[in-house]
Every structure is written in structure tokens, then in C-alpha cells.
Amino acid sequence: MSKKELYFKCENFQKTGSFKARGALNAIKTSLEKGEVPARIVTHSSGNHGQAVAWASRQLGLPCTVVVPQGTPTVKCEAIKEYGAELVFCTPSPTGRKEAADRIASETNGLIIHPYDDYNVIAGQGTIGLELLDEVPDLDIILVPISGGGMTSGIAIAAHHINPKCQVIAVEPVGKNLQESLQAQERKWENPPQFLNTIAEGIKTQQVGHLTFPILCNLVKQVVTVTDQEMADGCKILAERMKLVVEAASGAAVAAALSKQVEYMPGLKIGVILCGGNLDMDSLPWQNI
Ligand SMILES: Cc1ncc(COP(=O)(O)O)c(C=O)c1O
């Protein structure tokens with residue numbers, strides 16, 4: 001029997017444990033190359049971008065502050081501090097995150113590195129697509145877990161230029177309703193922006209960004225929606241079969257690969273982005289449902 005062929009991009013092995021190191025380093029380095037030397041790097045994050053920015057700032061010798069929502073997994077908070085950044089908690093909402101980071105940046109003359117609405121962050125995340133298609137040029141599909149859309153936009157741009165037949169599919173938690181906004185080519189979400197109620201904190205932002213939205217409208221034709229249970233099952237299968245421990249957002253891509261929402265054709269080649277592996281070992285996704 002001909003089966004789907006799955007190709008895993010293991011960003012859980014990336015520096016800082018997620019793909020976010022790519023965009024963070026590219027954005028900070030690009031601003032330094034322009035001759036801008038900020039007094040401080042500031043960001044807000046669900047945890048992985050914060051770790052990446054803390055790590056990249058230390059590599060480049062810059063002080064850093066990271067704002068995370070209360071309730072962010074301990075493993076992500078501890079790593080941010082270990083990479084040498086100051087950690088600040090905020091009220092758990094997109095607006096709370098942004099306001100806290102804006103205030104700190106204006107008080108410290110800091111430079112904000114946005115988690116997704118920054119072309120240099122998008123370009124950095126796009127290198128995932130370059131590497132994956134370099135190794136497997138004839139992929140039919142790439143499944144990308146989506147939050148603000150930086151990673152999906154970057155990979156979609158790379159795929160569009162390298163292999164336009166390769167379809168980038170965004171994988172979202174229940175309640176995001178991205179397809180509705182993409183189809184209408186108009187932001188259909190209610191304001192103020194909300195966090196979704198999901199075990200995958202990496203992909204809990206409901207609205208995509210203002211820079212990423214037009215890119216997604218142009219290049220992403222399909223969205224797959226997965227439940228928390230499916231993400232947890234995806235993580236469990238990876239642990240059992242591949243001996244890989246990943247966070248729930250990565251489980252979303254696995255769930256999509258196994259889902260009937262991805263139309264099956266014999267020999268279909270699917271890229272599965274395992275976007276991150278940062279999780280509290282005492283709170284594994286399948287124990288968290
Ligand atoms: C593990 C993981 N996967 C996916 C995403 C989504 O990335 P983006 O906001 O670029 O869509 C994030 C964002 O924090 C993440 O941490």
C-alpha cells in the first residue's frame with residue numbers, strides 16, 4: 001500500500017529548543033548591521049521567542065528584557081533567565097503583553113523585537129523552508145503550526161520561490177478561525193485580541209499579525225484545525241514511535257499529518273514542522289488534557 005511520506009523538520013533540536021532562534025538572531029543582527037546599537041533589547045512572548053531573543057542578545061552582547069504572560073511554563077521562564085535576560089510577568093492577554101513591553105522599551109530606550117510582525121523575523125523563520133526544500137525539493141505539502149504567522153509566512157515565501165507546487169498549510173488550534181479571514185481577505189477577528197484556550201501555549205494567539213496577514217492571504221490556501229486532544233495524541237505518538245519529546249504546538253503538525261483534513265493521495269510527501277520541544281517534564285501534553 002502506498003503511504004503518505006512524512007519528513008520531519010526537528011526544530012526541537014534547534015538552539016534554544018525551538019525555531020525562534022532563527023528570526024530573533026536575524027532581526028537583532030540586521031538592526032546592528034544598520035548601525036543601530038540599542039540600549040536594550042525588549043520583547044514579549046509566550047516563552048519560545050523570549051528564550052530566543054534572550055539567547056541572541058547575549059550572543060551579541062546586549063542586555064535584554066522579556067515579558068511573558070503569567071502561567072508561562074516554568075521551563076521557558078527558567079531558560080530565559082539562564083540566557084541572562086530580565087524576566088517580567090504580565091497579565092495573560094495579548095494587550096497586556098504588548099503594553100508591558102512598550103512601556104519597558106520607552107523607559108529604557110530599548111528596541112522591541114516583535115515575535116512575528118517584523119520582516120526580519122519572518123525572513124529568519126523562512127530559513128526553515130529553505131533548508132527543508134533543499135533536502136526534499138519535491139515536497140507536496142508543508143504543515144506549519146501557526147500563531148502570529150511569522151513562521152508560516154516565512155516558510156510560504158521560501159516555498160513559493162523554490163517549489164511553487166508545494167502547498168503550505170497552516171495548522172491552528174480550535175477557535176482561531178483563520179480560514180474565515182483568509183477567504184474574506186479581511187480580518188474577521190473581534191478586538192481586543194485574545195489568547196485561545198489551548199494546551200499549546202506556543203500557538204495560543206488568536207489573531208495573526210498585520211504584516212503576516214497579507215502574506216498568508218496570498219500564499220496559504222488551506223488551514224487545518226486540531227483539538228487539544230489531537231495535539232496531545234500527536235506528541236504521544238512522537239514520543240512512542242520516534243523517541244522525540246516535543247511541546248504541544250509540534251503535536252499540532254503531527255495531528256494534521258494524520259488528519260483526514262489533509263487530502264490523501266498515494267505517495268504524498270509531507271513536511272511536518274516540529275516547531276519546538278520546550279515543555280515542563282512534570283506536565284506532559286497527554287497528561288494535561
Ligand atoms: C513552538 C511554537 N510553534 C509555533 C509558534 C507559532 O509561530 P508564529 O507566531 O510565527 O506563527 C510558536 C510561537 O511562539 C511557538 O513557540
# chains A, B, ... in the order shown; residues from 1 in each chain; ligands from 1
$ residues_around --residues "Phe13 of chain A" --least-positions-apart "6" --cutoff "9 Å" --atoms "only C-alpha atoms" --output "list of chain:residue names"
A:Phe19, A:Gly276, A:Gly277
$ residues_around --residues "Val220 of chain A" --least-positions-apart "3" --cutoff "9 Å" --atoms "only C-alpha atoms" --output "ChimeraX atom specification"
/A:152-153,156,167-170,182,215-217,223
$ atom_distance --atom1 "atom CA of Leu130 of chain A" --atom2 "atom CA of His114 of chain A"
22.2 Å
$ residues_near_ligand --ligand "ligand 1" --cutoff "6 Å" --atoms "only C-alpha atoms and all ligand atoms" --output "PyMOL selection string"
chain A and resi 18+46+48-49+116+145-152+202-203+249+275-276
$ write_last_selection --atoms "N, CA and C atoms" --output "tab-separated table (two decimals), in the first residue's frame"
chain	number	residue	atom	x	y	z
A	18	SER	N	13.64	25.73	19.99
A	18	SER	CA	12.55	26.00	19.03
A	18	SER	C	13.11	26.78	17.84
A	46	SER	N	5.24	34.17	24.25
A	46	SER	CA	4.64	33.07	25.02
A	46	SER	C	5.73	32.17	25.58
A	48	ASN	N	8.91	30.91	23.88
A	48	ASN	CA	9.98	30.46	22.99
A	48	ASN	C	10.71	31.63	22.31
A	49	HIS	N	9.95	32.60	21.84
A	49	HIS	CA	10.59	33.77	21.23
A	49	HIS	C	11.41	34.50	22.31
A	116	TYR	N	6.53	38.17	15.66
A	116	TYR	CA	6.18	37.74	14.28
A	116	TYR	C	5.98	38.91	13.31
A	145	PRO	N	2.47	24.79	12.25
A	145	PRO	CA	1.66	25.32	13.35
A	145	PRO	C	1.71	26.84	13.37
A	146	ILE	N	0.57	27.47	13.53
A	146	ILE	CA	0.52	28.93	13.39
A	146	ILE	C	-0.01	29.62	14.64
A	147	SER	N	0.65	30.77	14.94
A	147	SER	CA	0.13	31.67	15.99
A	147	SER	C	0.03	33.05	15.35
A	148	GLY	N	1.08	33.88	15.48
A	148	GLY	CA	1.05	35.18	14.80
A	148	GLY	C	1.32	35.09	13.32
A	149	GLY	N	1.90	33.97	12.89
A	149	GLY	CA	2.07	33.72	11.46
A	149	GLY	C	3.45	34.03	10.90
A	150	GLY	N	4.44	34.34	11.75
A	150	GLY	CA	5.79	34.63	11.25
A	150	GLY	C	6.41	33.41	10.58
A	151	MET	N	6.29	32.27	11.25
A	151	MET	CA	6.90	31.05	10.70
A	151	MET	C	6.18	30.63	9.41
A	152	THR	N	4.86	30.65	9.43
A	152	THR	CA	4.11	30.22	8.24
A	152	THR	C	4.40	31.15	7.07
A	202	GLY	N	2.39	27.89	22.72
A	202	GLY	CA	3.14	28.48	21.62
A	202	GLY	C	2.26	29.00	20.49
A	203	ILE	N	1.05	28.45	20.38
A	203	ILE	CA	0.17	28.86	19.28
A	203	ILE	C	-1.19	29.35	19.81
A	249	ALA	N	2.56	22.40	20.53
A	249	ALA	CA	2.46	23.04	19.20
A	249	ALA	C	3.02	22.11	18.12
A	275	CYS	N	8.02	22.31	15.64
A	275	CYS	CA	8.47	23.69	15.84
A	275	CYS	C	9.18	23.93	17.17
A	276	GLY	N	8.91	23.09	18.18
A	276	GLY	CA	9.56	23.33	19.46
A	276	GLY	C	9.48	22.13	20.38
$ select_by_dssp --residues "segment 22-178 of chain A" --states "helix (DSSP H, G or I)" --output "ChimeraX atom specification"
/A:22-33,48-59,74-82,94-108,119-135,150-162,178
$ atom_distance --atom1 "atom CA of Glu172 of chain A" --atom2 "atom CA of Gly251 of chain A"
11.1 Å
$ atom_distance --atom1 "atom CA of Gly71 of chain A" --atom2 "atom CA of Ile199 of chain A"
11.6 Å
$ residues_around --residues "Ala256 of chain A" --least-positions-apart "4" --cutoff "7 Å" --atoms "only C-alpha atoms" --output "CSV table (one decimal) with C-alpha atoms, in the first residue's frame"
chain,number,residue,atom,x,y,z
A,171,VAL,CA,-2.3,24.3,11.5
A,224,VAL,CA,-6.2,22.6,9.3
A,226,VAL,CA,-6.8,20.5,15.5
A,252,ALA,CA,-0.4,20.0,16.2
A,262,VAL,CA,-5.2,16.7,4.6
$ closest_atom_pairs --of "segment 56-160 of chain A" --to "segment 283-286 of chain A" --cutoff "12 Å" --atoms "only C-alpha atoms" --output "Markdown table"
| residue | atom | partner | partner_atom | distance |
| --- | --- | --- | --- | --- |
| A:Pro73 | CA | A:Ser283 | CA | 9.2 |
| A:Thr74 | CA | A:Ser283 | CA | 10.4 |
| A:Val75 | CA | A:Ser283 | CA | 10.6 |
$ residues_around --residues "Ile273 of chain A" --least-positions-apart "2" --cutoff "8 Å" --atoms "only C-alpha atoms" --output "PyMOL selection string"
chain A and resi 8-11+142-145+250+253+271+275
$ write_last_selection --atoms "N, CA and C atoms" --output "CSV table (one decimal), in the first residue's frame"
chain,number,residue,atom,x,y,z
A,8,PHE,N,10.3,15.1,8.7
A,8,PHE,CA,10.2,16.0,9.9
A,8,PHE,C,11.3,17.0,10.0
A,9,LYS,N,10.9,18.2,10.2
A,9,LYS,CA,11.9,19.3,10.5
A,9,LYS,C,12.0,19.5,12.0
A,10,CYS,N,13.1,19.0,12.6
A,10,CYS,CA,13.1,18.9,14.0
A,10,CYS,C,13.7,20.2,14.7
A,11,GLU,N,12.9,21.2,14.8
A,11,GLU,CA,13.3,22.4,15.4
A,11,GLU,C,13.4,22.3,16.9
A,142,ILE,N,3.7,21.4,3.2
A,142,ILE,CA,4.4,21.6,4.5
A,142,ILE,C,3.4,22.0,5.5
A,143,LEU,N,3.3,21.3,6.7
A,143,LEU,CA,2.4,21.6,7.7
A,143,LEU,C,3.0,22.5,8.8
A,144,VAL,N,2.5,23.7,9.0
A,144,VAL,CA,3.1,24.6,9.9
A,144,VAL,C,2.2,25.1,11.0
A,145,PRO,N,2.5,24.8,12.2
A,145,PRO,CA,1.7,25.3,13.4
A,145,PRO,C,1.7,26.8,13.4
A,250,SER,N,4.1,21.4,18.4
A,250,SER,CA,4.6,20.4,17.5
A,250,SER,C,3.7,19.3,17.2
A,253,ALA,N,1.2,19.8,14.4
A,253,ALA,CA,1.6,19.4,13.0
A,253,ALA,C,1.5,17.9,12.8
A,271,GLY,N,6.0,17.6,4.6
A,271,GLY,CA,6.9,18.2,5.6
A,271,GLY,C,6.1,18.5,6.8
A,275,CYS,N,8.0,22.3,15.6
A,275,CYS,CA,8.5,23.7,15.8
A,275,CYS,C,9.2,23.9,17.2
